[in-house]
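> The structure under discussion is supplied below as structure tokens; questions concerning it will follow.
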Amino acid sequence: ALLRLLLGNTSSDEWWWSTLETEETEVEEAGKAAGAEYSKKKREEQLIPVIKCDLAAIFAVEEDSQMTIKWLQALEDVRTKKPNSAGPIKSAVKTAISLTTNSLVKAYLRKSMKQMKPNSAGLTKRAVVWLVDRFREGRPDLLGRTMMAQEVAQQTKAVADEAAQYMDQVDEIANAAKLNAVAFDDDDMEQDSDSDDDGGLVSDDDEDEEMDDAAASALVEGGATDKKGPAKSDHDTQVPTCVPPKPAPTIVDLLLPPGKPQPGTDLVSPFTWPCLAGAASCRILHKYKKTRNQVDDNLREFRELPPLSVAERKRREADSVKRILSECFLTERFGEAPIEAAVQQLCGGGGYTDLSPIQKLSIMRVLVEAAYDSQRVFSCVEDNIQSRITASKALDNEMRRAKKLEKEEKAEVEARARERLAEEAKDAFIQKKRRELVRENKKTSRFTNDFLEALTDQEITEFDDDTKAEFEALPGPSSFSRSNVNAMVSKIHEEDAFETETLVVLTLEEIEAREDEMLAEMNKELAQYGDVEAVYERSDRETTAKIDKLKREINDFKESLLTLPQVRASAMDGLRDAIEDGTIKALKTAIRAAENAWLTSDDDETGGVWALDLLRDANLELSSAEKRKRVTQAQRDLIAKRNKCFVRTEPIGQDKYRNSFWNLDNDDEGRVWVEAEYALKANDSVPDDENDDNLVESTEGVKIGVDDEEKDMLSDELYFVDGARDKFVHFSRQEYHSSGLVASLAKRHWGCEATDKSLRMLMKNLDGRGLRESALKSSLKEIVEAIAVVSADAGADDDAAKVKDENAKAASQADAKGKDAKAKYKTTGDDEEFTKAVSAARNRQPGAGSTCRIAFDLVEDVSSAISQRVRLRKVEDPVDAPEEAEYVMGTITGWKMTEIVSDVGQENTEPSEENANRETSTKTAPVWVVDIDNGGEEELSAVQIVEGVSRYLMWRTQYDGYSEENFNLREYRNGLGRYCGRAADAPYASTPAFLAWLMIKKEQDLYPPLKNRVYENEWGGKSGARNAWVASIKEYGHDLATLRNGLLTLEETFFNFCGRFDAHAGVPELEAALKDQRTGKEILEDDKL
């Protein structure tokens, strides 16, 4: 898939042809940069023609592309010949003339040969090379690049226009004299063309480069060629270019065509992809080496440092792979770079399966790195960014709307508080006036008591002018201070949290004082009856019943007071933890426990509720959490839409040690990964006490790859000043590690918080006062709330609480038993029992107690099960979906002998008098304990252990015939593309249920137009076959076997609707098929096929 993506993208042209780059092509590319005078000069030399011609007219003549490639290849041989080799040059030109059908090209070549002399063909060579270069530049489609006709026309026009600018400067006579003079003065002038034909005058690339440069200098500047100086060592010679040395040709390079392989052709197939992966990786690495060289040269030029020497460049090119790909940190361990070794093996025709895991990973990493630069990935990222921006804007609008509603709700509560303060002021005033009237009336006896009691509030406010004036002067809703309003708002929030009109908040001491008063009142009430024994003798039955009930209440109350302090202490600790946790589930559980501990109840005095102050805080936190949940649910769809358009996964936060926490999208729900930095120490030192809780590693042991070339980043002022140099280096190294002691990539340790309990413990240990840990704590709260199960009603909550309490007790008991049992597990000495288990599995009949084929040739090499890896098959729903399973990995950590009780000769297991005392037998059998990678432990029998070990060995070695057809693939989704249907169906598109739905939909679409093609419809109508088929697919759509049979039945039905093979009678090619009238099921069940 990566190869098809890369080779089908135009961005691969940048690295597929990178191995063909030379110093000349580099000079040509460098000529495009401003300020590169030498590059401009070389480019100018290549553009100046030596013979006048109309290049636009030459390009305009139509000619077959294959013929053009052939005569261009014939002229390429001229480039390697010396100007005094007239014979070979003339022969190559004549061959090109005979091959081309372009009359203008023929005229140009003949014109170039007119000035040729027996030992001087400099003008001819320069003219031929100029024409070949212009054709390669103007017709890149001839080199295998895919271009549209319009793009080719634009390229040829640009090249022709550029060449036309220099045609007026051409002096053919002067050029012939200069170029032929350069060839005539050469040291090898006395050798004739015959010797050239024999190959004696073929020079190396350096001499050709010297001659070409001399000819170009003679033409442009009129100067003479320079003689080469004495040879210099690699340490003294400066590198002339950033192009790395061309890799040596391999078998794959020799077999590849000149052009780039295209997807959809025979070159890109399942049989050739390993070789193409090696060739592509070789070219990608060559391109990355060149890019690294360019970075080094630009950095040294910016720092005004001298160019690198050839020896230094070779060293850096050898380290460049380790500076690019982090997988190469294993180079020192294996003694060879895994990437380069893998490329050599694949390009040499080796198999992909012969590579080591790190080599396979390196090849994959190289292709992925190149895919980052492809247009497909760029468009996907760009689309995701735009979609994410749109979704983020919609989410911002929703958040603004939520804030607006919150603001309106806050204003409403504040208005209620002001109204309530005003009403309380009025009530206090009226009560005060009523008491004053009563006191005044005692002195004057002006009114009767009945008259005063009958006065309404309105009559009291209008009793006299002074009272009326005072009432009107009372403060209104807008007259109260902010502090009074805030206090009332808090009180309203507390009452709303308890769903009551009046709330009395008490401390624990006040609650205990109330209980003491209640007990004293009950004792006082009992004491009013006097002597209880005497009362029993003279009182009636109703009175004695009241006394008995009161005595029971007093005894029960006293007994509860004995255990109540411990229960309340536990409930208060749970409230504190729940408030710190902040999740709905934890708060509801803690509040329920507090209610059971009598920390809240109805208040008879006020008609409301009284509660402990800590319980009040928990209810307020619960109300706030439910409010946040309502807002989150309203924004859930927008958040999901935004998260689908991710570019890369970002950490959810960091703790105070700057350890990053990750919640991966496709991971198991509720798992949080921790990426921790190693605490560094010297290689021979002991870790400090303050780092005991952190992972400690040496400076050398934490490094990945090679160190940065820090000298390139330091100028002379910094390099020779110790303080400034150390400060700069420490700052730059903090990119890799916070200590600033490592100059390369640094290893990091990964761990996982896999359970709800561990997540809550992590949240409890975070400090909410810090900026980083406060944000991390908020993110973890959202994750915990997302996986928490909230009951629908209060009854379900009560049942869940009871079940949780029971489960907690059972879990604590099981945990204690598990610790005792785990201590009894042995870690050695299971060799004999494991051998017996393998023998029993071999002797067992097929299908008897086993659901797994066992590879005995692999298991026999295992002497002990301890420390062996196992692969276990877990069936989630054995009733409705027995074929759907998931596979988990684990490690065997111990074993023990346990007792197994079984019935003897009793088939009837129903409880009855006959089998109540049935006979049983006890025997000992081995069990092994397995630590599951995803968390938890599991005890396995001998049969399960043999199957698990065998399944793991077959899975790891890709055992012949081993498959996991029912492996759960519903989480799979192509990350580069998108599902063609609805986005909501993408995660389930590979499930059997989805296929069942699709089959029913297709049958409904195709059946109506097909049923009119036949007279006898045996599918629909009264036969009922169609209804039975639909019912079977709907009911058993989760079963793959049912779907397979249903699909074959549907195919046979539509096959009959279409007339079978009768419409093709008389066709000789189909006679054999006409004779075979079997159904699709019969054909599939035929073992001979």
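Order determines the names: the first chain of the structure tokens is A, the second B, and so forth; residues in each chain are numbered 1 upward, and ligands are numbered 1 upward as they are shown.
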Can you list, as a PDB file with N, CA and C atoms, in the first residue's frame, every protein, DNA or RNA residue that comes within 7 Å of Tyr952 of chain A when you count only C-alpha atoms, leaving out same-chain residues fewer than 2 positions away?

ATOM      1  N   ARG A 869       5.444 -17.661  26.712  1.00  0.00           N
ATOM      2  CA  ARG A 869       4.368 -16.776  26.282  1.00  0.00           C
ATOM      3  C   ARG A 869       3.193 -17.612  25.778  1.00  0.00           C
ATOM      4  N   VAL A 870       1.973 -17.149  26.016  1.00  0.00           N
ATOM      5  CA  VAL A 870       0.779 -17.841  25.568  1.00  0.00           C
ATOM      6  C   VAL A 870      -0.118 -16.848  24.828  1.00  0.00           C
ATOM      7  N   ARG A 871      -0.924 -17.392  23.928  1.00  0.00           N
ATOM      8  CA  ARG A 871      -1.913 -16.605  23.185  1.00  0.00           C
ATOM      9  C   ARG A 871      -3.269 -17.260  23.416  1.00  0.00           C
ATOM     10  N   GLY A 948      -2.509 -22.750  24.557  1.00  0.00           N
ATOM     11  CA  GLY A 948      -2.025 -21.375  24.521  1.00  0.00           C
ATOM     12  C   GLY A 948      -0.579 -21.277  24.065  1.00  0.00           C
ATOM     13  N   VAL A 949       0.294 -22.160  24.564  1.00  0.00           N
ATOM     14  CA  VAL A 949       1.696 -22.147  24.139  1.00  0.00           C
ATOM     15  C   VAL A 949       1.805 -22.494  22.661  1.00  0.00           C
ATOM     16  N   SER A 950       1.059 -23.518  22.224  1.00  0.00           N
ATOM     17  CA  SER A 950       1.091 -23.909  20.810  1.00  0.00           C
ATOM     18  C   SER A 950       0.567 -22.799  19.914  1.00  0.00           C
ATOM     19  N   MET A 954       2.752 -20.970  16.954  1.00  0.00           N
ATOM     20  CA  MET A 954       2.284 -20.949  15.566  1.00  0.00           C
ATOM     21  C   MET A 954       2.067 -19.528  15.076  1.00  0.00           C
ATOM     22  N   TRP A 955       1.563 -18.669  15.951  1.00  0.00           N
ATOM     23  CA  TRP A 955       1.339 -17.266  15.563  1.00  0.00           C
ATOM     24  C   TRP A 955       2.657 -16.537  15.329  1.00  0.00           C
ATOM     25  N   ARG A 956       3.644 -16.805  16.176  1.00  0.00           N
ATOM     26  CA  ARG A 956       4.931 -16.105  16.048  1.00  0.00           C
ATOM     27  C   ARG A 956       5.713 -16.588  14.834  1.00  0.00           C
TER      28      ARG A 956
END
> Would you give me, as a VMD selection string, the residues in segment 257-320 of chain A that DSSP reads as alpha helix (DSSP H)?
chain A and resid 273 to 302 310 to 320
> Next, dump the selected residues to file, keeping only C-alpha atoms, as a short mmCIF file (atom, residue, chain, number, x, y, z; two decimals), in the first residue's frame.

data_model
loop_
_atom_site.label_atom_id
_atom_site.label_comp_id
_atom_site.auth_asym_id
_atom_site.auth_seq_id
_atom_site.Cartn_x
_atom_site.Cartn_y
_atom_site.Cartn_z
CA TRP A 273 7.13 -5.41 -3.94
CA PRO A 274 10.08 -6.52 -1.74
CA CYS A 275 12.56 -5.65 -4.50
CA LEU A 276 10.81 -2.36 -5.25
CA ALA A 277 10.71 -1.55 -1.53
CA GLY A 278 14.48 -2.00 -1.37
CA ALA A 279 15.05 0.12 -4.51
CA ALA A 280 12.72 2.85 -3.25
CA SER A 281 14.36 2.85 0.21
CA CYS A 282 17.81 3.13 -1.40
CA ARG A 283 16.73 6.21 -3.35
CA ILE A 284 14.96 7.77 -0.38
CA LEU A 285 18.05 7.37 1.80
CA HIS A 286 20.19 8.90 -0.96
CA LYS A 287 17.83 11.88 -1.10
CA TYR A 288 17.90 12.28 2.69
CA LYS A 289 21.67 12.15 2.70
CA LYS A 290 21.76 14.93 0.15
CA THR A 291 19.29 16.97 2.21
CA ARG A 292 21.43 16.46 5.32
CA ASN A 293 24.54 17.55 3.38
CA GLN A 294 22.71 20.68 2.22
CA VAL A 295 21.79 21.49 5.81
CA ASP A 296 25.39 21.04 6.92
CA ASP A 297 26.75 23.23 4.09
CA ASN A 298 24.18 25.99 4.61
CA LEU A 299 24.82 26.02 8.34
CA ARG A 300 28.57 26.27 7.87
CA GLU A 301 28.11 28.99 5.28
CA PHE A 302 25.88 30.94 7.66
CA VAL A 310 36.02 14.97 1.84
CA ALA A 311 36.92 12.76 4.80
CA GLU A 312 34.60 14.68 7.14
CA ARG A 313 31.79 14.53 4.58
CA LYS A 314 32.21 10.75 4.29
CA ARG A 315 32.01 10.40 8.07
CA ARG A 316 28.88 12.50 8.27
CA GLU A 317 27.22 10.63 5.42
CA ALA A 318 27.90 7.37 7.25
CA ASP A 319 26.20 8.83 10.36
CA SER A 320 23.38 10.55 8.46
#
> One decimal, Å: what's the distance from atom CA of Arg628 of chain A over to atom CA of Arg658 of chain A, could you say?
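According to the coordinates, atom CA of Arg628 of chain A and atom CA of Arg658 of chain A are separated by 27.9 Å.
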> Would you mind listing, for every residue of segment 65-166 of chain A within 12 Å of segment 11-20 of chain A, the two atoms forming the shortest contact and the distance between them in Å to one decimal, using only C-alpha atoms, sorted by chain and ascending residue number, as a Markdown table?

| residue | atom | partner | partner_atom | distance |
| --- | --- | --- | --- | --- |
| A:Pro140 | CA | A:Asp13 | CA | 11.3 |
| A:Asp141 | CA | A:Asp13 | CA | 11.9 |
| A:Leu143 | CA | A:Trp17 | CA | 9.9 |
| A:Gly144 | CA | A:Asp13 | CA | 9.8 |
| A:Arg145 | CA | A:Asp13 | CA | 7.6 |
| A:Thr146 | CA | A:Asp13 | CA | 9.6 |
| A:Met147 | CA | A:Asp13 | CA | 11.6 |
